[in-house]
>>> print(open('start-v8.csv').read())   # CSV, C-alpha atoms
chain,number,residue,atom,x,y,z
Q,672,MET,CA,102.8,107.7,132.8
Q,673,ILE,CA,100.0,109.5,131.0
Q,674,ASP,CA,97.2,107.3,129.7
Q,675,THR,CA,97.0,109.0,126.3
Q,676,ASN,CA,94.4,106.5,125.0
Q,677,ALA,CA,92.0,107.2,127.8
Q,678,ILE,CA,92.5,111.0,127.3
Q,679,ARG,CA,92.0,110.6,123.6
Q,680,CYS,CA,88.6,108.8,124.2
Q,681,LYS,CA,87.5,111.5,126.6
Q,682,ILE,CA,88.4,114.2,124.1
Q,683,LEU,CA,86.5,112.4,121.4
Q,684,ASP,CA,83.5,112.0,123.7
Q,685,LEU,CA,83.4,115.7,124.4
Q,686,ALA,CA,83.7,116.4,120.7
Q,687,ILE,CA,80.7,114.3,119.6
Q,688,GLN,CA,78.6,115.8,122.4
Q,689,GLY,CA,79.2,119.3,121.0
Q,690,CYS,CA,81.4,120.5,123.8
Q,691,LEU,CA,84.4,121.6,121.7
Q,692,ASN,CA,82.7,124.2,119.6
Q,693,ASP,CA,79.9,126.8,119.6
Q,694,ALA,CA,76.7,125.8,117.8
Q,695,SER,CA,76.2,127.4,114.4
Q,696,ALA,CA,73.0,128.7,112.9
Q,697,GLU,CA,72.9,125.7,110.5
Q,698,ASP,CA,70.6,122.7,111.1
Q,699,ALA,CA,71.9,119.2,110.6
Q,700,SER,CA,68.5,118.0,109.5
Q,701,LEU,CA,69.2,119.9,106.2
Q,702,LEU,CA,72.4,117.9,105.8
Q,703,VAL,CA,70.5,114.7,106.3
Q,704,GLU,CA,68.0,115.7,103.6
Q,705,GLN,CA,70.9,116.5,101.2
Q,706,LEU,CA,72.6,113.2,101.9
Q,707,SER,CA,69.3,111.3,101.4
Q,708,ASP,CA,68.8,113.1,98.0
Q,709,LYS,CA,72.4,112.2,97.0
Q,710,LYS,CA,71.8,108.5,97.9
Q,711,GLU,CA,68.7,108.5,95.8
Q,712,GLU,CA,70.7,109.8,92.9
Q,713,LEU,CA,73.3,107.0,93.4
Q,714,ILE,CA,70.4,104.4,93.5
Q,715,LYS,CA,68.8,105.8,90.3
Q,716,ALA,CA,72.2,105.6,88.6
Q,717,LYS,CA,72.6,102.0,89.9
Q,718,ILE,CA,75.8,102.9,91.6
Q,719,ILE,CA,74.4,101.5,94.9
Q,720,GLY,CA,71.5,99.3,95.7
Q,721,LYS,CA,68.2,100.3,97.3
Q,722,GLU,CA,68.0,99.9,101.1
Q,723,LYS,CA,65.2,99.3,103.5
Q,724,PRO,CA,64.2,102.4,105.4
Q,725,TYR,CA,66.2,102.9,108.7
Q,726,THR,CA,64.4,103.1,112.0
Q,727,ASP,CA,64.7,106.3,114.0
Q,728,VAL,CA,67.2,106.4,116.8
Q,729,THR,CA,65.2,105.7,120.0
Q,730,ASP,CA,65.3,107.8,123.1
Q,731,GLU,CA,66.9,104.8,124.9
Q,732,GLU,CA,69.8,104.9,122.4
Q,733,LYS,CA,70.4,108.6,122.8
Q,734,LEU,CA,73.0,108.2,125.6
Q,735,PHE,CA,73.7,111.9,125.9
Q,736,GLU,CA,72.4,115.3,125.1
Q,737,ILE,CA,73.4,117.0,121.8
Q,738,PRO,CA,73.0,120.6,120.6
Q,739,ASN,CA,69.6,121.6,119.3
Q,740,ASN,CA,70.9,121.9,115.8
Q,741,TRP,CA,72.3,118.4,115.7
Q,742,VAL,CA,70.4,115.2,114.9
Q,743,TRP,CA,70.7,111.5,115.7
Q,744,VAL,CA,71.0,109.3,112.6
Q,745,ARG,CA,72.0,105.7,111.8
Q,746,LEU,CA,75.5,105.2,110.3
Q,747,GLY,CA,73.9,103.6,107.3
Q,748,GLN,CA,71.7,106.6,106.6
Q,749,ILE,CA,74.8,108.8,105.9
Q,750,CYS,CA,76.7,106.1,104.0
Q,751,ALA,CA,76.6,104.9,100.4
Q,752,GLN,CA,78.0,101.5,101.5
Q,753,VAL,CA,78.9,99.6,104.6
Q,754,THR,CA,80.5,96.3,103.7
Q,755,ASP,CA,83.4,94.1,104.4
Q,756,GLY,CA,86.4,92.5,102.6
Q,757,THR,CA,86.4,89.1,100.9
Q,758,HIS,CA,85.3,86.1,103.0
Q,759,LYS,CA,87.6,83.8,101.0
Q,760,THR,CA,91.4,83.6,101.6
Q,761,PRO,CA,93.0,84.7,98.4
Q,762,LYS,CA,96.1,83.2,96.8
Q,763,TYR,CA,99.1,85.2,98.1
Q,764,GLN,CA,102.2,85.9,96.1
Q,765,GLU,CA,105.5,87.7,96.6
Q,766,ASN,CA,104.4,91.0,95.1
Q,767,GLY,CA,101.4,92.6,93.4
Q,768,ILE,CA,98.4,94.4,95.0
Q,769,PRO,CA,98.6,94.9,98.8
Q,770,PHE,CA,96.0,92.8,100.7
Q,771,LEU,CA,95.2,94.3,104.2
Q,772,SER,CA,93.6,92.8,107.3
Q,773,VAL,CA,93.0,93.9,110.9
Q,774,LYS,CA,96.7,93.7,111.8
Q,775,ASN,CA,97.4,96.5,109.3
Q,776,ILE,CA,95.2,99.1,110.9
Q,777,SER,CA,94.6,97.9,114.6
Q,778,SER,CA,97.3,100.3,115.8
Q,779,GLY,CA,95.2,103.3,114.6
Q,780,VAL,CA,97.4,104.0,111.6
Q,781,PHE,CA,98.3,102.1,108.5
Q,782,ASP,CA,101.0,99.6,109.3
Q,783,LEU,CA,102.5,98.4,106.0
Q,784,SER,CA,105.5,96.7,107.5
Q,785,ASP,CA,104.0,93.3,107.1
Q,786,ILE,CA,101.6,93.0,104.3
Q,787,LYS,CA,100.5,90.2,101.9
Q,788,TYR,CA,100.0,90.6,98.2
Q,789,ILE,CA,97.6,89.3,95.6
Q,790,SER,CA,97.5,89.3,91.8
Q,791,PRO,CA,96.1,92.2,89.9
Q,792,GLU,CA,93.5,89.8,88.4
Q,793,GLU,CA,92.2,88.7,91.8
Q,794,HIS,CA,92.2,92.3,93.0
Q,795,THR,CA,90.0,93.2,90.0
Q,796,GLU,CA,87.5,90.6,91.0
Q,797,LEU,CA,87.4,91.5,94.7
Q,798,ILE,CA,86.8,95.2,94.1
Q,799,LYS,CA,83.6,94.5,92.2
Q,800,ARG,CA,82.0,94.0,95.6
Q,801,CYS,CA,84.4,95.9,98.0
Q,802,LYS,CA,86.6,98.7,96.6
Q,803,PRO,CA,88.5,100.7,99.2
Q,804,GLU,CA,89.3,104.2,98.0
Q,805,LEU,CA,90.9,107.4,99.3
Q,806,ASN,CA,88.9,109.0,102.1
Q,807,ASP,CA,86.8,105.9,102.8
Q,808,VAL,CA,86.8,104.6,106.4
Q,809,LEU,CA,88.1,101.2,107.5
Q,810,VAL,CA,87.1,99.6,110.8
Q,811,CYS,CA,88.3,96.5,112.6
Q,812,ARG,CA,85.2,94.2,112.8
Q,813,ILE,CA,86.6,90.7,113.7
Q,814,GLY,CA,88.9,90.0,116.7
Q,815,THR,CA,90.2,93.5,117.4
Q,816,LEU,CA,86.9,95.5,117.3
Q,817,GLY,CA,86.1,99.1,116.5
Q,818,LYS,CA,89.4,100.7,115.6
Q,819,ALA,CA,88.6,103.0,112.7
Q,820,ILE,CA,90.9,105.0,110.3
Q,821,LYS,CA,90.4,107.1,107.2
Q,822,VAL,CA,92.0,105.8,104.1
Q,823,ASN,CA,94.9,108.2,103.4
Q,824,ILE,CA,97.0,106.0,101.2
Q,825,ASP,CA,96.5,106.7,97.5
Q,826,PHE,CA,97.2,103.3,95.9
Q,827,ASP,CA,95.1,100.2,95.1
Q,828,PHE,CA,94.6,97.6,97.8
Q,829,SER,CA,92.0,94.9,98.8
Q,830,ILE,CA,90.9,93.9,102.2
Q,831,PHE,CA,90.0,90.7,104.1
Q,832,VAL,CA,86.7,90.0,105.8
Q,833,SER,CA,88.1,91.1,109.2
Q,834,LEU,CA,87.9,94.8,108.0
Q,835,GLY,CA,84.8,96.7,107.4
Q,836,LEU,CA,84.6,99.3,104.7
Q,837,ILE,CA,82.5,102.5,105.2
Q,838,LYS,CA,81.8,104.8,102.2
Q,839,PRO,CA,80.2,108.0,103.4
Q,840,VAL,CA,77.8,109.6,100.9
Q,841,ILE,CA,80.2,112.6,100.8
Q,842,GLU,CA,84.0,112.4,101.7
Q,843,ASP,CA,83.7,115.3,104.1
Q,844,LEU,CA,81.9,113.0,106.6
Q,845,SER,CA,84.8,110.6,107.0
Q,846,ASP,CA,86.8,112.3,109.7
Q,847,TYR,CA,83.8,112.8,111.9
Q,848,ILE,CA,82.7,109.2,111.5
Q,849,VAL,CA,86.1,108.0,112.5
Q,850,SER,CA,85.9,110.2,115.6
Q,851,VAL,CA,82.5,108.8,116.6
Q,852,ILE,CA,83.6,105.1,116.2
Q,853,ASN,CA,86.9,105.7,118.1
Q,854,SER,CA,85.3,107.6,120.9
Q,855,GLY,CA,84.5,106.1,124.3
Q,856,TYR,CA,80.8,106.1,123.2
Q,857,GLY,CA,81.6,104.2,120.0
Q,858,THR,CA,83.9,101.7,121.8
Q,859,ASP,CA,81.2,101.0,124.4
Q,860,TRP,CA,78.5,100.6,121.7
Q,861,ILE,CA,80.5,98.1,119.7
Q,862,ARG,CA,81.2,96.2,122.9
Q,863,ASP,CA,77.5,96.0,123.7
Q,864,ASN,CA,76.5,95.1,120.2
Q,865,LYS,CA,79.2,92.6,119.3
Q,866,ALA,CA,78.5,89.0,118.4
Q,867,GLY,CA,80.4,85.8,119.2
Q,868,GLY,CA,82.1,84.7,122.3
Q,869,ALA,CA,82.7,81.4,124.0
Q,870,MET,CA,84.2,79.3,121.2
Q,871,HIS,CA,83.8,82.0,118.5
Q,872,THR,CA,85.8,85.1,117.8
Q,873,TYR,CA,84.1,88.4,118.6
Q,874,LYS,CA,82.9,90.4,115.7
Q,875,ILE,CA,80.6,93.3,114.9
Q,876,ASN,CA,78.1,92.3,112.2
Q,877,LEU,CA,77.6,94.7,109.3
Q,878,GLY,CA,73.9,94.9,110.0
Q,879,SER,CA,74.6,96.1,113.5
Q,880,LEU,CA,77.3,98.5,112.3
Q,881,ARG,CA,74.8,100.2,109.9
Q,882,MET,CA,72.5,100.8,112.9
Q,883,LEU,CA,75.2,102.6,115.0
Q,884,PRO,CA,73.5,105.9,116.3
Q,885,ILE,CA,75.5,108.9,115.2
Q,886,PRO,CA,75.2,112.3,116.8
Q,887,LEU,CA,75.4,114.4,113.6
Q,888,PRO,CA,76.4,118.1,113.6
Q,889,PRO,CA,76.0,120.3,110.5
Q,890,LEU,CA,78.9,119.8,108.1
Q,891,SER,CA,80.6,123.1,109.0
Q,892,GLU,CA,80.7,122.1,112.7
Q,893,GLN,CA,82.0,118.7,111.8
Q,894,LEU,CA,85.0,120.3,110.1
Q,895,ILE,CA,85.7,122.6,113.0
Q,896,ILE,CA,85.4,119.7,115.5
Q,897,CYS,CA,88.0,117.7,113.5
Q,898,VAL,CA,90.4,120.6,113.3
Q,899,LYS,CA,90.1,121.1,117.0
Q,900,LEU,CA,90.6,117.4,117.6
Q,901,ASP,CA,93.8,117.4,115.6
Q,902,MET,CA,95.1,120.4,117.6
Q,903,ASN,CA,94.2,118.7,120.9
Q,904,PHE,CA,95.8,115.4,119.9
Q,905,ASP,CA,98.9,117.1,118.7
Q,906,TYR,CA,99.3,118.9,122.0
Q,907,LEU,CA,98.5,115.7,124.0
Q,908,PHE,CA,101.2,113.6,122.3
Q,909,ARG,CA,103.8,116.3,122.4
Q,910,SER,CA,103.1,116.9,126.1
Q,911,SER,CA,103.2,113.1,126.9
Q,912,TYR,CA,106.7,112.8,125.6
Q,913,MET,CA,108.1,116.0,127.2
Q,914,PRO,CA,110.7,115.4,129.9
Q,915,VAL,CA,109.4,116.1,133.5
>>> encode(input="start-v8.csv", output="structure tokens")
Amino acid sequence: MIDTNAIRCKILDLAIQGCLNDASAEDASLLVEQLSDKKEELIKAKIIGKEKPYTDVTDEEKLFEIPNNWVWVRLGQICAQVTDGTHKTPKYQENGIPFLSVKNISSGVFDLSDIKYISPEEHTELIKRCKPELNDVLVCRIGTLGKAIKVNIDFDFSIFVSLGLIKPVIEDLSDYIVSVINSGYGTDWIRDNKAGGAMHTYKINLGSLRMLPIPLPPLSEQLIICVKLDMNFDYLFRSSYMPV
């Protein structure tokens, strides 16, 4: 049987190393400057809080070569927010606002076959700190680690502490961020930086997640990469189920 998960990780690794597309004339450092300016605007508007400066990605953290027009950045540098869901178990009810946890995304897609619900009033309180929205990124951060998906469901919901919420500075970054986290590189990084063990459940702390080194291409290349990934995965899964 074809190990589609291993092949998927390999394809993602090739993508985030710049092997699936030709380098453009753009320079990703310009994108980083634009994202930094956008974050400053959000800070001045008091939409997000001010952060401490991020340290540069060290040579030891750069585990592979990237094209000359790409740059290494920290995940937190290109995000408006990296947070998690409520740490307090809410009061569940038979219907209302969906309340999601790791089990609802750990398969790599939204699984809404078994969800809990909370009241609209409690949801209103929870989203003051953590508000999942369309095109954000969710990541499993407790128990099951590292699985990331883009929010493609357009309705209100809240999340539990087991899920991390990543809000890129601009929506167009979401697909590429998901690709990095779900790659073999991302999986290995989370394994090496997880906390817990022994008598405690493994987790990836938010402070660590913000420090994840991202090999960042110019935005136009990111979009091309994600299109090619969709094409490769579509072919992979169609081929894996074809009769021999």
>>> closest_residue(input="start-v8.csv", among="Q:Ile786, Q:Ile678, Q:Ile852, Q:Val832", to="Tyr763 (chain Q)", atoms="all atoms listed in the file")
Q:Ile786
>>> closest_atom_pairs(input="start-v8.csv", of="region 762-850 of chain Q", to="region 715-720 of chain Q", cutoff="12 Å", atoms="all atoms listed in the file", output="tab-separated table")
residue	atom	partner	partner_atom	distance
Q:Lys799	CA	Q:Ile718	CA	11.5
Q:Arg800	CA	Q:Ile719	CA	10.7
Q:Cys801	CA	Q:Ile719	CA	11.9
Q:Lys838	CA	Q:Ile719	CA	10.9
Q:Val840	CA	Q:Ile719	CA	10.6
>>> atom_distance(input="start-v8.csv", atom1="CA of His794 (chain Q)", atom2="CA of Gly817 (chain Q)")
25.2 Å
>>> atom_distance(input="start-v8.csv", atom1="CA of Leu809 (chain Q)", atom2="CA of Gly835 (chain Q)")
5.6 Å
>>> closest_atom_pairs(input="start-v8.csv", of="region 680-781 of chain Q", to="region 868-877 of chain Q", cutoff="8 Å", atoms="all atoms listed in the file", output="CSV")
residue,atom,partner,partner_atom,distance
Q:Val753,CA,Q:Leu877,CA,6.9
Q:Thr754,CA,Q:Leu877,CA,6.5
Q:Asp755,CA,Q:Leu877,CA,7.6
>>> closest_residue(input="start-v8.csv", among="Q:Val703, Q:Lys759, Q:Asp807, Q:Ala677", to="Phe831 (chain Q)", atoms="only C-alpha atoms")
Q:Lys759
>>> closest_residue(input="start-v8.csv", among="Q:Ser707, Q:Gln764, Q:Gln748, Q:Ser845", to="Met882 (chain Q)", atoms="all atoms listed in the file")
Q:Gln748
>>> decode(input="start-v8.csv", residues="region 738-753 of chain Q", atoms="all heavy atoms", output="CSV table (one decimal), in the first residue's frame")
chain,number,residue,atom,x,y,z
Q,738,PRO,N,16.2,29.3,-1.7
Q,738,PRO,CA,16.6,30.2,-2.8
Q,738,PRO,C,17.1,31.6,-2.3
Q,738,PRO,O,16.7,32.0,-1.2
Q,738,PRO,CB,15.3,30.4,-3.6
Q,738,PRO,CG,14.6,29.1,-3.4
Q,738,PRO,CD,14.9,28.7,-1.9
Q,739,ASN,N,17.9,32.2,-3.1
Q,739,ASN,CA,18.5,33.5,-2.6
Q,739,ASN,C,17.5,34.6,-2.4
Q,739,ASN,O,17.8,35.5,-1.6
Q,739,ASN,CB,19.5,34.0,-3.7
Q,739,ASN,CG,20.8,33.1,-3.8
Q,739,ASN,OD1,21.1,32.4,-2.8
Q,739,ASN,ND2,21.4,33.0,-4.9
Q,740,ASN,N,16.4,34.5,-3.0
Q,740,ASN,CA,15.4,35.6,-2.8
Q,740,ASN,C,14.4,35.3,-1.7
Q,740,ASN,O,13.4,36.0,-1.5
Q,740,ASN,CB,14.6,35.9,-4.1
Q,740,ASN,CG,13.8,34.7,-4.6
Q,740,ASN,OD1,14.2,33.6,-4.5
Q,740,ASN,ND2,12.7,35.0,-5.2
Q,741,TRP,N,14.6,34.2,-1.0
Q,741,TRP,CA,13.8,33.8,0.2
Q,741,TRP,C,14.5,34.3,1.4
Q,741,TRP,O,15.7,34.6,1.4
Q,741,TRP,CB,13.6,32.3,0.3
Q,741,TRP,CG,12.8,31.7,-0.8
Q,741,TRP,CD1,12.6,32.1,-2.1
Q,741,TRP,CD2,12.0,30.5,-0.7
Q,741,TRP,NE1,11.8,31.2,-2.8
Q,741,TRP,CE2,11.4,30.2,-1.9
Q,741,TRP,CE3,11.8,29.5,0.4
Q,741,TRP,CZ2,10.6,29.1,-2.2
Q,741,TRP,CZ3,11.0,28.4,0.1
Q,741,TRP,CH2,10.4,28.2,-1.1
Q,742,VAL,N,13.8,34.3,2.6
Q,742,VAL,CA,14.4,34.7,3.8
Q,742,VAL,C,13.9,33.8,4.9
Q,742,VAL,O,12.7,33.3,4.8
Q,742,VAL,CB,14.1,36.2,4.2
Q,742,VAL,CG1,14.8,37.1,3.3
Q,742,VAL,CG2,12.6,36.5,4.3
Q,743,TRP,N,14.7,33.6,6.0
Q,743,TRP,CA,14.2,32.9,7.2
Q,743,TRP,C,13.6,33.9,8.1
Q,743,TRP,O,14.3,34.9,8.5
Q,743,TRP,CB,15.4,32.2,7.8
Q,743,TRP,CG,15.8,30.9,7.1
Q,743,TRP,CD1,16.8,30.8,6.2
Q,743,TRP,CD2,15.3,29.6,7.3
Q,743,TRP,NE1,17.0,29.5,5.8
Q,743,TRP,CE2,16.0,28.7,6.4
Q,743,TRP,CE3,14.3,29.1,8.1
Q,743,TRP,CZ2,15.7,27.4,6.4
Q,743,TRP,CZ3,14.0,27.7,8.0
Q,743,TRP,CH2,14.7,26.9,7.1
Q,744,VAL,N,12.4,33.6,8.7
Q,744,VAL,CA,11.8,34.5,9.6
Q,744,VAL,C,11.2,33.6,10.7
Q,744,VAL,O,11.0,32.3,10.6
Q,744,VAL,CB,10.7,35.3,9.0
Q,744,VAL,CG1,11.2,36.3,8.0
Q,744,VAL,CG2,9.6,34.5,8.4
Q,745,ARG,N,10.8,34.2,11.8
Q,745,ARG,CA,10.1,33.5,12.9
Q,745,ARG,C,8.6,33.5,12.5
Q,745,ARG,O,8.1,34.5,12.0
Q,745,ARG,CB,10.3,34.1,14.2
Q,745,ARG,CG,11.7,34.3,14.7
Q,745,ARG,CD,12.3,33.0,15.1
Q,745,ARG,NE,13.7,33.1,15.6
Q,745,ARG,CZ,14.5,32.1,15.9
Q,745,ARG,NH1,14.0,30.8,15.8
Q,745,ARG,NH2,15.7,32.3,16.3
Q,746,LEU,N,7.8,32.5,12.9
Q,746,LEU,CA,6.4,32.5,12.7
Q,746,LEU,C,5.7,33.7,13.2
Q,746,LEU,O,4.9,34.4,12.6
Q,746,LEU,CB,5.8,31.2,13.2
Q,746,LEU,CG,4.2,31.1,13.1
Q,746,LEU,CD1,3.8,31.1,11.7
Q,746,LEU,CD2,3.7,29.9,13.9
Q,747,GLY,N,6.1,34.1,14.5
Q,747,GLY,CA,5.5,35.2,15.1
Q,747,GLY,C,5.7,36.6,14.4
Q,747,GLY,O,4.9,37.5,14.5
Q,748,GLN,N,6.8,36.6,13.6
Q,748,GLN,CA,7.0,37.9,12.8
Q,748,GLN,C,6.0,38.1,11.8
Q,748,GLN,O,5.8,39.3,11.4
Q,748,GLN,CB,8.4,37.8,12.2
Q,748,GLN,CG,9.6,37.9,13.2
Q,748,GLN,CD,10.9,37.8,12.4
Q,748,GLN,OE1,11.5,36.8,12.4
Q,748,GLN,NE2,11.4,38.9,11.8
Q,749,ILE,N,5.4,37.1,11.2
Q,749,ILE,CA,4.5,37.3,10.1
Q,749,ILE,C,3.1,37.0,10.5
Q,749,ILE,O,2.2,36.9,9.6
Q,749,ILE,CB,4.9,36.3,8.9
Q,749,ILE,CG1,4.8,34.8,9.3
Q,749,ILE,CG2,6.3,36.7,8.4
Q,749,ILE,CD1,5.0,33.9,8.2
Q,750,CYS,N,2.8,37.0,11.8
Q,750,CYS,CA,1.5,36.8,12.3
Q,750,CYS,C,1.0,38.0,13.2
Q,750,CYS,O,1.8,38.6,13.9
Q,750,CYS,CB,1.4,35.5,13.1
Q,750,CYS,SG,1.6,34.0,12.1
Q,751,ALA,N,-0.2,38.3,13.1
Q,751,ALA,CA,-0.8,39.3,14.0
Q,751,ALA,C,-1.1,38.7,15.4
Q,751,ALA,O,-1.1,39.4,16.4
Q,751,ALA,CB,-2.1,39.8,13.4
Q,752,GLN,N,-1.3,37.4,15.5
Q,752,GLN,CA,-1.6,36.7,16.7
Q,752,GLN,C,-1.3,35.3,16.7
Q,752,GLN,O,-1.6,34.6,15.7
Q,752,GLN,CB,-3.1,36.9,17.1
Q,752,GLN,CG,-3.4,36.4,18.5
Q,752,GLN,CD,-4.9,36.6,18.8
Q,752,GLN,OE1,-5.8,36.5,18.0
Q,752,GLN,NE2,-5.2,36.9,20.1
Q,753,VAL,N,-0.7,34.7,17.7
Q,753,VAL,CA,-0.5,33.3,17.9
Q,753,VAL,C,-1.0,33.0,19.3
Q,753,VAL,O,-0.3,33.4,20.3
Q,753,VAL,CB,0.9,32.8,17.7
Q,753,VAL,CG1,1.0,31.3,18.0
Q,753,VAL,CG2,1.5,33.2,16.3
